[in-house]
>>> print(open('work28.cif').read())   # mmCIF, C-alpha atoms
data_model
#
loop_
_atom_site.label_atom_id
_atom_site.label_comp_id
_atom_site.auth_asym_id
_atom_site.auth_seq_id
_atom_site.Cartn_x
_atom_site.Cartn_y
_atom_site.Cartn_z
CA MET L 858 138.45 166.35 103.05
CA LYS L 859 134.80 166.91 103.87
CA LYS L 860 133.43 166.48 100.31
CA PRO L 861 133.69 162.66 100.07
CA ALA L 862 131.86 162.24 103.39
CA PHE L 863 129.19 164.72 102.32
CA MET L 864 128.76 162.96 98.98
CA ALA L 865 128.50 159.55 100.69
CA VAL L 866 125.79 160.81 103.02
CA SER L 867 123.96 162.39 100.07
CA LEU L 868 124.08 159.16 98.07
CA VAL L 869 122.68 157.19 101.02
CA ALA L 870 119.88 159.73 101.44
CA VAL L 871 119.01 159.54 97.73
CA PHE L 872 119.06 155.73 97.86
CA LEU L 873 116.71 155.63 100.86
CA PHE L 874 114.44 158.20 99.19
CA LEU L 875 114.16 156.06 96.07
CA VAL L 876 113.55 152.90 98.08
CA PHE L 877 110.69 154.42 100.05
CA LEU L 878 109.14 155.76 96.86
CA SER L 879 109.45 152.48 94.99
CA PRO L 880 106.26 150.52 94.11
CA VAL L 881 107.39 147.57 96.24
CA ALA L 882 107.76 149.73 99.32
CA ALA L 883 104.44 151.42 98.60
CA LEU L 884 102.67 148.09 98.21
CA ALA L 885 104.07 146.83 101.52
CA GLY L 886 102.18 149.54 103.43
CA PRO L 887 100.56 149.12 106.85
CA LYS L 888 98.32 146.16 107.64
CA ILE L 889 94.63 146.85 107.22
CA TYR L 890 92.31 145.61 109.96
CA TRP L 891 88.55 145.09 110.02
CA HIS L 892 86.73 145.40 113.35
CA PHE L 893 83.22 143.93 113.55
CA THR L 894 80.73 144.78 116.30
CA ILE L 895 77.47 142.84 116.04
CA LYS L 896 74.37 142.78 118.23
CA ALA L 897 71.80 140.02 117.73
CA PHE L 898 68.26 140.25 119.07
CA VAL L 899 67.26 136.59 119.35
CA ASP L 900 63.65 136.71 120.61
CA LEU L 901 61.84 139.74 119.18
CA PRO L 902 59.68 141.59 119.99
CA ASP L 903 61.31 141.07 123.41
CA THR L 904 64.55 143.07 123.20
CA ASN L 905 66.06 141.61 126.39
CA GLY L 906 67.39 138.47 124.73
CA VAL L 907 70.59 139.54 122.99
CA GLU L 908 74.01 138.35 121.92
CA TRP L 909 77.03 140.55 121.26
CA ALA L 910 80.10 139.62 119.21
CA TRP L 911 83.37 141.47 118.63
CA VAL L 912 85.71 140.23 115.90
CA THR L 913 88.95 141.56 114.39
CA MET L 914 90.21 140.40 110.99
CA VAL L 915 93.18 141.51 108.87
CA GLU L 916 93.52 141.68 105.09
CA PHE L 917 95.68 138.89 103.67
CA GLY L 918 96.69 138.37 100.03
CA LYS L 919 95.42 135.19 98.38
CA PRO L 920 98.86 134.27 96.92
CA LYS L 921 100.22 134.03 100.48
CA ALA L 922 97.12 132.28 101.79
CA PHE L 923 97.07 129.72 98.94
CA PRO L 924 100.72 129.33 97.83
CA ALA L 925 100.14 126.01 96.03
CA GLU L 926 97.29 127.44 93.99
CA ALA L 927 99.37 130.53 93.25
CA GLU L 928 102.15 128.33 91.86
CA VAL L 929 99.72 126.45 89.62
CA ALA L 930 98.35 129.73 88.27
CA LYS L 931 101.90 130.94 87.65
CA ASP L 932 102.81 127.73 85.78
CA TYR L 933 99.94 128.36 83.41
CA GLY L 934 100.94 131.96 82.88
CA GLY L 935 98.27 133.32 85.17
CA LYS L 936 98.22 135.06 88.50
CA LEU L 937 96.26 134.40 91.67
CA GLU L 938 94.81 137.68 92.86
CA GLY L 939 92.50 138.87 95.59
CA THR L 940 92.33 139.39 99.34
CA ILE L 941 90.76 137.34 102.11
CA PHE L 942 90.45 137.97 105.84
CA ALA L 943 92.73 136.33 108.38
CA PHE L 944 91.18 135.84 111.82
CA VAL L 945 92.88 137.88 114.57
CA GLN L 946 90.55 137.64 117.56
CA GLY L 947 86.93 137.11 118.54
CA THR L 948 84.76 137.10 121.65
CA ALA L 949 81.03 137.05 122.41
CA TRP L 950 78.54 137.60 125.23
CA ARG L 951 74.98 136.36 125.75
CA SER L 952 72.39 137.85 128.09
CA ALA L 953 70.24 135.75 130.40
CA HIS L 954 66.78 135.33 128.92
CA ARG L 955 63.49 133.57 129.63
CA TYR L 956 60.31 133.25 127.58
CA GLN L 957 57.04 131.33 127.51
CA ARG L 958 55.03 129.94 124.62
CA ASP L 959 51.52 128.52 124.35
CA ALA L 960 51.45 124.73 124.64
CA THR L 961 49.01 121.86 125.12
CA CYS L 962 49.38 119.30 127.90
CA ASN L 963 46.99 116.34 128.05
CA GLY L 964 44.60 118.19 125.75
CA ARG L 965 44.52 121.30 127.91
CA PRO L 966 46.01 124.74 127.22
CA SER L 967 49.27 125.27 129.00
CA LYS L 968 52.58 127.10 128.78
CA SER L 969 56.08 125.94 127.94
CA GLU L 970 59.08 127.79 129.34
CA THR L 971 62.56 128.17 127.87
CA PHE L 972 65.49 129.99 129.45
CA TRP L 973 69.27 130.32 129.53
CA GLU L 974 71.80 132.10 131.72
CA ALA L 975 74.24 134.87 130.84
CA SER L 976 77.53 133.58 129.46
CA GLU L 977 80.69 134.57 127.58
CA SER L 978 82.71 132.95 124.82
CA ASP L 979 86.26 133.16 123.49
CA SER L 980 85.46 130.29 121.13
CA VAL L 981 84.40 132.41 118.15
CA TYR L 982 85.25 131.72 114.50
CA ALA L 983 84.73 133.90 111.42
CA MET L 984 85.85 134.35 107.82
CA GLY L 985 85.48 136.84 104.97
CA GLN L 986 87.05 138.41 101.91
CA LEU L 987 87.18 141.47 99.68
CA ILE L 988 85.12 141.40 96.50
CA ASP L 989 86.57 143.32 93.55
CA THR L 990 83.83 143.83 90.97
CA ASN L 991 84.54 147.21 89.39
CA PRO L 992 82.92 149.70 89.83
CA VAL L 993 81.49 148.26 93.08
CA TYR L 994 84.04 147.17 95.67
CA SER L 995 82.56 145.27 98.58
CA PHE L 996 83.34 142.67 101.24
CA ARG L 997 81.81 139.47 102.60
CA PHE L 998 81.80 138.42 106.26
CA GLY L 999 80.21 135.67 108.31
CA PHE L 1000 80.75 133.24 111.15
CA THR L 1001 81.96 129.72 110.40
CA ASN L 1002 83.09 126.46 111.98
CA ARG L 1003 85.15 125.50 108.93
CA ARG L 1004 88.90 126.01 108.76
CA ILE L 1005 90.09 129.58 109.11
CA LEU L 1006 93.25 131.50 108.20
CA LEU L 1007 95.45 133.04 110.90
CA PRO L 1008 97.60 136.19 110.46
CA ASP L 1009 100.81 134.12 110.26
CA GLY L 1010 99.53 132.35 107.14
CA THR L 1011 98.63 129.05 108.82
CA TRP L 1012 95.20 127.46 108.73
CA ILE L 1013 93.40 125.88 111.68
CA ASP L 1014 90.36 123.65 111.88
CA PRO L 1015 88.13 124.83 114.76
CA GLY L 1016 87.02 121.25 115.25
CA SER L 1017 90.59 120.24 116.08
CA GLN L 1018 90.74 122.72 118.98
CA ALA L 1019 89.90 121.74 122.56
CA ASN L 1020 86.15 122.13 123.00
CA VAL L 1021 84.28 120.96 126.10
CA PHE L 1022 80.50 120.47 125.97
CA THR L 1023 78.68 119.97 129.26
CA GLY L 1024 75.19 118.57 129.59
CA ALA L 1025 72.79 118.89 132.52
CA ILE L 1026 74.34 119.09 135.97
CA ASN L 1027 71.88 117.79 138.58
CA ILE L 1028 72.25 118.65 142.25
CA GLU L 1029 70.57 116.61 144.98
CA GLY L 1030 67.38 118.33 146.04
CA GLY L 1031 67.23 120.44 142.88
CA VAL L 1032 65.24 120.09 139.67
CA HIS L 1033 66.34 117.02 137.73
CA GLU L 1034 67.00 117.73 134.05
CA GLU L 1035 67.57 115.27 131.24
CA THR L 1036 70.03 116.05 128.44
CA LYS L 1037 68.51 115.86 124.98
CA GLY L 1038 69.94 116.13 121.47
CA ASP L 1039 73.47 116.25 120.14
CA PHE L 1040 76.11 118.77 121.19
CA TYR L 1041 78.44 119.95 118.45
CA LEU L 1042 80.92 122.70 117.57
CA GLN L 1043 79.23 125.97 116.64
CA VAL L 1044 80.48 129.24 115.22
CA VAL L 1045 80.17 130.69 118.74
CA ASN L 1046 80.48 128.33 121.72
CA TYR L 1047 79.48 129.77 125.10
CA ARG L 1048 81.00 128.51 128.32
CA ASP L 1049 77.47 127.75 129.49
CA ASN L 1050 76.04 126.17 126.36
CA LEU L 1051 72.74 125.01 127.86
CA GLU L 1052 69.19 125.96 126.99
CA HIS L 1053 66.69 124.87 129.69
CA HIS L 1054 63.15 123.67 128.93
CA ARG L 1055 60.02 123.16 131.06
CA ARG L 1056 56.89 121.62 129.55
CA CYS L 1057 54.06 119.43 130.78
CA GLY L 1058 55.89 118.60 134.00
CA LYS L 1059 59.06 117.57 132.18
CA THR L 1060 62.43 119.33 132.46
CA TRP L 1061 65.40 118.97 130.16
CA VAL L 1062 68.32 120.81 128.56
CA GLU L 1063 69.49 121.10 124.96
CA GLN L 1064 72.48 122.80 123.40
CA TYR L 1065 71.96 126.53 123.05
CA LEU L 1066 72.12 127.46 119.37
CA THR L 1067 73.76 130.84 118.86
CA GLY L 1068 71.94 133.41 116.77
CA PHE L 1069 75.19 134.19 114.96
CA ARG L 1070 75.09 130.88 113.08
CA SER L 1071 72.95 132.55 110.40
CA PHE L 1072 74.70 135.93 110.28
CA HIS L 1073 76.24 136.75 106.90
CA ILE L 1074 76.64 140.10 105.15
CA VAL L 1075 77.87 141.49 101.85
CA GLU L 1076 78.41 145.25 102.06
CA ASP L 1077 80.07 148.11 100.19
CA ARG L 1078 83.68 148.44 101.28
CA PRO L 1079 84.42 151.39 103.61
CA ALA L 1080 87.56 153.47 103.07
CA ILE L 1081 90.39 153.08 105.55
CA GLY L 1082 89.52 155.08 108.64
CA GLN L 1083 85.78 154.85 107.90
CA TYR L 1084 82.98 152.47 108.91
CA VAL L 1085 79.67 151.07 107.74
CA PHE L 1086 76.57 150.60 109.88
CA GLY L 1087 73.72 148.32 108.99
CA GLN L 1088 71.03 145.90 110.08
CA THR L 1089 69.48 142.75 108.71
CA LEU L 1090 66.63 140.36 109.50
CA ASP L 1091 67.12 136.62 109.67
CA GLY L 1092 63.95 136.11 107.62
CA PRO L 1093 60.42 137.52 107.25
CA ARG L 1094 59.04 135.47 110.15
CA SER L 1095 62.19 135.19 112.21
CA ARG L 1096 62.48 136.54 115.72
CA LYS L 1097 66.15 137.37 115.07
CA HIS L 1098 67.40 140.79 114.05
CA PHE L 1099 71.03 141.89 113.66
CA VAL L 1100 72.58 145.33 114.01
CA TYR L 1101 76.25 145.76 113.12
CA ARG L 1102 79.09 148.22 112.68
CA VAL L 1103 82.23 147.49 110.66
CA ASP L 1104 85.35 149.64 111.10
CA ARG L 1105 88.28 149.48 108.64
CA SER L 1106 91.53 150.71 110.14
CA THR L 1107 95.33 150.48 110.22
CA SER L 1108 95.12 149.95 113.99
CA PRO L 1109 94.87 146.41 115.39
CA GLU L 1110 92.90 147.74 118.39
CA HIS L 1111 89.17 147.04 118.21
CA PRO L 1112 87.43 150.37 119.02
CA PHE L 1113 84.53 148.68 120.86
CA TRP L 1114 86.17 145.53 122.23
CA LYS L 1115 83.75 143.96 124.73
CA LYS L 1116 81.75 147.19 124.90
CA GLN L 1117 78.02 146.79 124.41
CA THR L 1118 77.78 149.85 122.21
CA MET L 1119 78.51 150.87 118.65
#
>>> encode(input="work28.cif", output="structure tokens")
Amino acid sequence: MKKPAFMAVSLVAVFLFLVFLSPVAALAGPKIYWHFTIKAFVDLPDTNGVEWAWVTMVEFGKPKAFPAEAEVAKDYGGKLEGTIFAFVQGTAWRSAHRYQRDATCNGRPSKSETFWEASESDSVYAMGQLIDTNPVYSFRFGFTNRRILLPDGTWIDPGSQANVFTGAINIEGGVHEETKGDFYLQVVNYRDNLEHHRRCGKTWVEQYLTGFRSFHIVEDRPAIGQYVFGQTLDGPRSRKHFVYRVDRSTSPEHPFWKKQTM
């Protein structure tokens, strides 16, 4: 009486064993996350002016990200392959900073002054992808204000999100500031997006331009559970310098989230 029950249990165990060893089950696997920690020095050689950004992305197959294109490739007997990054979360922080530069006012040597206050941002946008060029396997990452992919497979246009840009706020008895220039959506948008200027007796504000707008890297791909550490200049004469760490993991938790360390 016990044999049929034993055989049934055995068959179920064998079935589950085969399922978990099947290629489909193996391909499903855990999600693979990329955690970016980036520090930007924006006014070298002064190291006090910095921005920090923390971003998490997740690997996402191109056939799921671009289903229409995948169907076209299939119709022609081809196959859309590859992996891009879906944006999970991003945040940034900017230190307060002040600097002076040589200037000329009415033909006489003078100084101009520029400064901004410390601020945070949850309005951060980034994109990237894996690059499969055997034998070198790498990845590309950068900040963007173009449309980005979310982990659920939908795309959003950052410009369609609610973004508030505030110009100069003048208080009676205080320094009166004009607002100059256009304000537009950036790759990182701080809550206080003002850069203050003083020159030749004039005072005004412009939109603060984040240093991350020019950050873009192509690096060798780290193994899961490993990381890469690097640095890059924004140009031979630029005052900007970037230091970054990239962790690849099966955990969605950013190891340095909002921590000014790497």
>>> resolve_selection(input="work28.cif", expression="the PyMOL selection byres ((chain L and resi 939) around 9)", output="list in words")
Phe917, Gly918, Lys919, Pro920, Leu937, Glu938, Thr940, Ile941, Gln986, Leu987, Ile988 and Asp989 of chain L
>>> closest_residue(input="work28.cif", among="L:Asp1014, L:Asp959, L:Asp979, L:Glu1063", to="Gly1038 (chain L)", atoms="all atoms listed in the file")
L:Glu1063
>>> atom_distance(input="work28.cif", atom1="CA of Gly906 (chain L)", atom2="CA of Glu970 (chain L)")
14.3 Å
>>> closest_residue(input="work28.cif", among="L:Ile1005, L:Ala975, L:Met984, L:Ala1080", to="Asn1050 (chain L)", atoms="only C-alpha atoms")
L:Ala975
>>> resolve_selection(input="work28.cif", expression="the PyMOL selection byres ((chain L and resi 1006) around 8)", output="VMD selection string")
chain L and resid 922 942 to 944 984 1004 to 1005 1007 to 1008 1010 to 1013
>>> atom_distance(input="work28.cif", atom1="CA of Lys888 (chain L)", atom2="CA of Thr948 (chain L)")
21.5 Å
>>> residues_near_point(input="work28.cif", point="(77.4, 127.0, 114.3)", cutoff="9 Å", atoms="all atoms listed in the file", output="ChimeraX atom specification")
/L:1000-1002,1041-1046,1066-1071
